[in-house]
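Source file: start.cif (mmCIF, C-alpha atoms)
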```cif
data_entry
loop_
_atom_site.label_atom_id
_atom_site.label_comp_id
_atom_site.auth_asym_id
_atom_site.auth_seq_id
_atom_site.Cartn_x
_atom_site.Cartn_y
_atom_site.Cartn_z
CA MET A 1 23.15 -3.72 -21.73
CA ASP A 2 19.69 -4.65 -20.41
CA LYS A 3 17.58 -1.48 -20.11
CA ARG A 4 14.52 -3.25 -18.75
CA PRO A 5 13.50 -2.21 -15.23
CA SER A 6 14.14 -4.64 -12.41
CA TRP A 7 11.11 -6.59 -11.17
CA HIS A 8 10.97 -4.37 -8.09
CA LEU A 9 10.96 -1.16 -10.10
CA TYR A 10 8.45 -2.65 -12.55
CA PHE A 11 6.00 -3.51 -9.75
CA ILE A 12 6.47 -0.26 -7.80
CA GLU A 13 5.74 1.70 -10.98
CA MET A 14 2.63 -0.41 -11.50
CA ALA A 15 1.56 0.53 -7.96
CA PHE A 16 1.71 4.18 -9.03
CA LEU A 17 -0.43 3.37 -12.07
CA VAL A 18 -2.97 1.65 -9.78
CA SER A 19 -2.93 4.71 -7.49
CA GLN A 20 -4.35 6.82 -10.33
CA ARG A 21 -7.71 5.10 -9.70
CA ALA A 22 -7.74 6.33 -6.07
CA THR A 23 -10.58 8.61 -5.03
CA CYS A 24 -8.98 9.95 -1.84
CA LEU A 25 -8.57 13.73 -1.87
CA ARG A 26 -5.53 13.75 0.46
CA ARG A 27 -3.24 11.03 -0.85
CA LYS A 28 -3.46 8.64 -3.80
CA VAL A 29 -2.05 5.22 -2.87
CA GLY A 30 -1.76 2.08 -4.96
CA ALA A 31 -0.79 -1.45 -3.94
CA LEU A 32 -0.07 -4.78 -5.60
CA ILE A 33 0.28 -8.25 -4.13
CA VAL A 34 2.78 -10.31 -6.10
CA LYS A 35 4.02 -13.90 -5.90
CA ASN A 36 6.62 -15.44 -8.21
CA ASN A 37 6.59 -12.21 -10.29
CA GLN A 38 2.87 -12.62 -10.97
CA ILE A 39 0.31 -10.04 -9.84
CA LEU A 40 -2.30 -11.65 -7.60
CA SER A 41 -4.27 -8.56 -6.61
CA THR A 42 -4.29 -4.77 -6.72
CA GLY A 43 -5.89 -2.08 -4.61
CA TYR A 44 -6.17 1.67 -4.33
CA ASN A 45 -7.60 3.89 -1.62
CA GLY A 46 -11.09 5.24 -1.73
CA ALA A 47 -14.64 4.83 -0.51
CA PRO A 48 -16.13 1.32 -0.32
CA LYS A 49 -18.29 0.00 -3.18
CA HIS A 50 -21.67 1.70 -3.52
CA ILE A 51 -20.63 4.56 -1.19
CA ARG A 52 -20.20 8.14 -2.42
CA HIS A 53 -16.62 9.22 -3.01
CA CYS A 54 -14.96 11.98 -1.03
CA SER A 55 -15.01 14.10 -4.18
CA GLU A 56 -18.79 14.22 -3.64
CA THR A 57 -18.95 14.39 0.17
CA GLY A 58 -15.73 16.23 0.99
CA CYS A 59 -12.88 14.83 3.04
CA LEU A 60 -14.04 13.90 6.53
CA ARG A 61 -10.47 14.06 7.83
CA GLU A 62 -10.06 17.61 6.48
CA GLN A 63 -13.42 18.63 7.94
CA LEU A 64 -12.37 17.27 11.37
CA LYS A 65 -8.82 18.64 11.00
CA VAL A 66 -7.26 15.20 11.64
CA PRO A 67 -3.46 15.29 11.14
CA SER A 68 -1.87 12.89 8.68
CA GLY A 69 -0.93 9.60 10.30
CA GLU A 70 -3.52 9.81 13.08
CA ARG A 71 -7.02 8.46 13.69
CA HIS A 72 -7.25 6.34 10.52
CA GLU A 73 -10.73 5.19 11.53
CA LEU A 74 -12.02 8.72 10.85
CA CYS A 75 -12.11 8.26 7.10
CA ARG A 76 -14.66 7.08 4.56
CA GLY A 77 -11.95 5.36 2.54
CA VAL A 78 -10.47 1.89 2.52
CA HIS A 79 -6.68 1.86 2.22
CA ALA A 80 -4.97 0.48 -0.89
CA GLU A 81 -3.32 -2.37 1.05
CA GLN A 82 -6.67 -3.33 2.56
CA ASN A 83 -8.37 -3.29 -0.83
CA ALA A 84 -5.64 -5.51 -2.33
CA ILE A 85 -6.15 -8.05 0.49
CA ILE A 86 -9.95 -7.83 0.15
CA GLN A 87 -9.85 -8.31 -3.63
CA ALA A 88 -7.65 -11.40 -3.23
CA ALA A 89 -10.17 -12.82 -0.74
CA VAL A 90 -13.18 -11.98 -2.93
CA ASN A 91 -11.50 -13.78 -5.84
CA GLY A 92 -10.36 -16.75 -3.73
CA THR A 93 -6.67 -16.02 -4.25
CA THR A 94 -4.19 -17.21 -1.63
CA ILE A 95 -1.67 -14.47 -0.80
CA ASP A 96 0.41 -16.04 1.99
CA LYS A 97 4.19 -15.83 1.44
CA SER A 98 3.73 -13.10 -1.18
CA ILE A 99 5.14 -9.59 -1.62
CA MET A 100 3.32 -6.25 -1.30
CA TYR A 101 4.37 -3.34 -3.50
CA CYS A 102 2.91 -0.04 -2.37
CA THR A 103 3.41 3.60 -3.23
CA ASN A 104 3.56 4.45 0.48
CA HIS A 105 4.58 2.91 3.79
CA PRO A 106 1.59 1.12 5.35
CA CYS A 107 -0.15 2.59 8.38
CA SER A 108 -0.42 0.57 11.59
CA ILE A 109 -3.88 -0.76 10.66
CA CYS A 110 -2.64 -2.01 7.29
CA ALA A 111 0.55 -3.36 8.88
CA LYS A 112 -1.56 -5.56 11.18
CA MET A 113 -3.54 -6.85 8.21
CA LEU A 114 -0.39 -7.53 6.17
CA ILE A 115 1.14 -9.42 9.09
CA ASN A 116 -1.96 -11.61 9.48
CA ALA A 117 -2.17 -12.12 5.70
CA GLU A 118 1.38 -13.56 5.96
CA ILE A 119 2.95 -11.13 3.50
CA ASN A 120 6.73 -11.75 3.52
CA SER A 121 8.07 -8.43 2.25
CA ILE A 122 6.82 -4.93 1.56
CA TYR A 123 8.43 -2.69 -1.07
CA ILE A 124 7.52 0.99 -0.90
CA ALA A 125 8.39 4.14 -2.85
CA GLU A 126 7.62 6.66 -0.11
CA ASP A 127 8.10 6.43 3.65
CA TYR A 128 5.40 7.39 6.15
CA PRO A 129 5.88 8.42 9.78
CA ASP A 130 4.05 5.56 11.55
CA LYS A 131 6.30 4.32 14.33
CA LEU A 132 3.88 1.63 15.51
CA ALA A 133 3.61 0.16 12.01
CA LYS A 134 7.40 -0.07 11.73
CA GLU A 135 7.68 -1.67 15.18
CA MET A 136 5.05 -4.31 14.41
CA LEU A 137 6.46 -5.15 10.97
CA GLU A 138 9.92 -5.51 12.48
CA GLU A 139 8.65 -7.70 15.32
CA ALA A 140 6.79 -9.89 12.79
CA GLY A 141 9.97 -10.27 10.72
CA ILE A 142 8.54 -8.65 7.60
CA GLU A 143 11.10 -6.97 5.37
CA LEU A 144 10.41 -3.33 4.51
CA ILE A 145 12.36 -2.07 1.52
CA LEU A 146 12.41 1.39 -0.03
CA VAL A 147 12.63 1.45 -3.84
CA ASP A 148 14.28 4.46 -5.49
CA ARG A 149 12.05 5.17 -8.49
CA ILE A 150 14.86 6.83 -10.45
CA THR A 151 17.74 4.41 -9.96
CA GLY A 152 15.86 1.30 -8.90
CA ASP A 153 18.17 1.03 -5.90
CA LEU A 154 16.81 -0.75 -2.85
CA LYS A 155 17.29 0.37 0.75
CA LYS A 156 16.29 -2.04 3.47
CA LEU A 157 14.38 -0.19 6.22
CA LEU A 158 13.61 -3.32 8.30
#
```

Would you write out, as structure tokens, the structure that this file holds?
Amino acid sequence: MDKRPSWHLYFIEMAFLVSQRATCLRRKVGALIVKNNQILSTGYNGAPKHIRHCSETGCLREQLKVPSGERHELCRGVHAEQNAIIQAAVNGTTIDKSIMYCTNHPCSICAKMLINAEINSIYIAEDYPDKLAKEMLEEAGIELILVDRITGDLKKLL
């Protein structure tokens, strides 16, 4: 019997490894962009390059008492999905028709970026209550699939 993890479980677990580099104080998120079972780019959430991390400045969202899932612009950090897209661009890597693996469901801002980057499918380990993101991903025809980290089972959300 083959005890190796499926490709989906392999990449979702790698997203959790990437998330360990995150500098966000509220939620550590990791993302990978994959095509033909090859990793093209990774990203984690945190302050932009050359900017102090929230561990030094404190969490702006906590200071302003912004609820989770709201007012994403009130944050010093760049989201993991955004950083994965940015790193692909910086390195000149084409990501159209690829797959995103992410520890969490993308927010509406990231969903818009993933749609325009022409990502085909998004595999996540944890859901996130962003109704607008789900609506836009569905309208764009992007598959959203939940990966069970224990069994490796897949559950199509969109």

query = Of the candidates A:Arg61, A:Ile12, A:Ile33, A:Glu56, which one gets nearest to Glu118 of chain A if we count only C-alpha atoms?
reply = A:Ile33

Translate the PyMOL selection byres ((chain A and resi 32) around 8) into a concrete residue list for this structure, as a short mmCIF file (atom, residue, chain, number, x, y, z; two decimals) with C-alpha atoms, keeping the file's coordinate frame.
```cif
data_model
loop_
_atom_site.label_atom_id
_atom_site.label_comp_id
_atom_site.auth_asym_id
_atom_site.auth_seq_id
_atom_site.Cartn_x
_atom_site.Cartn_y
_atom_site.Cartn_z
CA PHE A 11 6.00 -3.51 -9.75
CA MET A 14 2.63 -0.41 -11.50
CA ALA A 15 1.56 0.53 -7.96
CA GLY A 30 -1.76 2.08 -4.96
CA ALA A 31 -0.79 -1.45 -3.94
CA ILE A 33 0.28 -8.25 -4.13
CA VAL A 34 2.78 -10.31 -6.10
CA ILE A 39 0.31 -10.04 -9.84
CA LEU A 40 -2.30 -11.65 -7.60
CA SER A 41 -4.27 -8.56 -6.61
CA THR A 42 -4.29 -4.77 -6.72
CA GLY A 43 -5.89 -2.08 -4.61
CA GLU A 81 -3.32 -2.37 1.05
CA ALA A 84 -5.64 -5.51 -2.33
CA MET A 100 3.32 -6.25 -1.30
CA TYR A 101 4.37 -3.34 -3.50
CA CYS A 102 2.91 -0.04 -2.37
#
```

request  = Rounded to one decimal place, report the atom CA of Ile109 of chain A-atom CA of Glu73 of chain A distance in Å.
outcome  = 9.1 Å

key: Within 9 Å of Ala133 of chain A using only C-alpha atoms, minus same-chain residues under 2 positions, as a PyMOL selection string   = chain A and resi 105-112+129-131+135-138

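For the pair atom CA of Leu132 of chain A and atom CA of Thr94 of chain A, the interatomic distance is 26.7 Å.
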
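Our summary of the geometry notes that atom CA of Pro48 of chain A is positioned 26.6 Å from atom CA of Asn120 of chain A.
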
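For the file at hand, the PyMOL selection byres ((chain A and resi 28) around 12) resolves to Ala15, Phe16, Leu17, Val18, Ser19, Gln20, Arg21, Ala22, Thr23, Cys24, Leu25, Arg26, Arg27, Val29, Gly30, Ala31, Gly43, Tyr44, Asn45, Gly46, Gly77, Val78, His79, Ala80, Cys102, Thr103, Asn104 and Glu126 of chain A.
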
Closest contacts (segment 7-116 of chain A/segment 139-155 of chain A, max 8 Å, only C-alpha atoms) as a Markdown table:
```
| residue | atom | partner | partner_atom | distance |
| --- | --- | --- | --- | --- |
| A:His8 | CA | A:Val147 | CA | 7.4 |
| A:Leu9 | CA | A:Gly152 | CA | 5.6 |
| A:Ile12 | CA | A:Val147 | CA | 7.5 |
| A:Glu13 | CA | A:Arg149 | CA | 7.6 |
| A:Ile115 | CA | A:Ala140 | CA | 6.8 |
```

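Proximity ranking of A:Ala47, A:Leu64, A:Leu74, A:Leu157 relative to Ile124 of chain A places A:Leu157 first, based on only C-alpha atoms.
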
request  = Kindly extract all protein, DNA and RNA residues lying within 6 Å of the coordinates (10.5, -8.4, -11.7) given in the file, considering only C-alpha atoms, and supply them as an MDAnalysis selection string.
outcome  = chainID A and resid 6:8 37

inquiry  = Evaluate the PyMOL selection byres ((chain A and resi 69) around 9) against this structure - the residues, as a PyMOL selection string, please.
reply    = chain A and resi 66-68+70-72+107+128-130

Include C-alpha atoms and write out the residues we just selected as a PDB file, in the frame of the given file.
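Result written to result36.pdb:
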```pdb
ATOM      1  CA  VAL A  66      -7.260  15.200  11.640  1.00  0.00           C
ATOM      2  CA  PRO A  67      -3.460  15.290  11.140  1.00  0.00           C
ATOM      3  CA  SER A  68      -1.870  12.890   8.680  1.00  0.00           C
ATOM      4  CA  GLU A  70      -3.520   9.810  13.080  1.00  0.00           C
ATOM      5  CA  ARG A  71      -7.020   8.460  13.690  1.00  0.00           C
ATOM      6  CA  HIS A  72      -7.250   6.340  10.520  1.00  0.00           C
ATOM      7  CA  CYS A 107      -0.150   2.590   8.380  1.00  0.00           C
ATOM      8  CA  TYR A 128       5.400   7.390   6.150  1.00  0.00           C
ATOM      9  CA  PRO A 129       5.880   8.420   9.780  1.00  0.00           C
ATOM     10  CA  ASP A 130       4.050   5.560  11.550  1.00  0.00           C
TER      11      ASP A 130
END
```
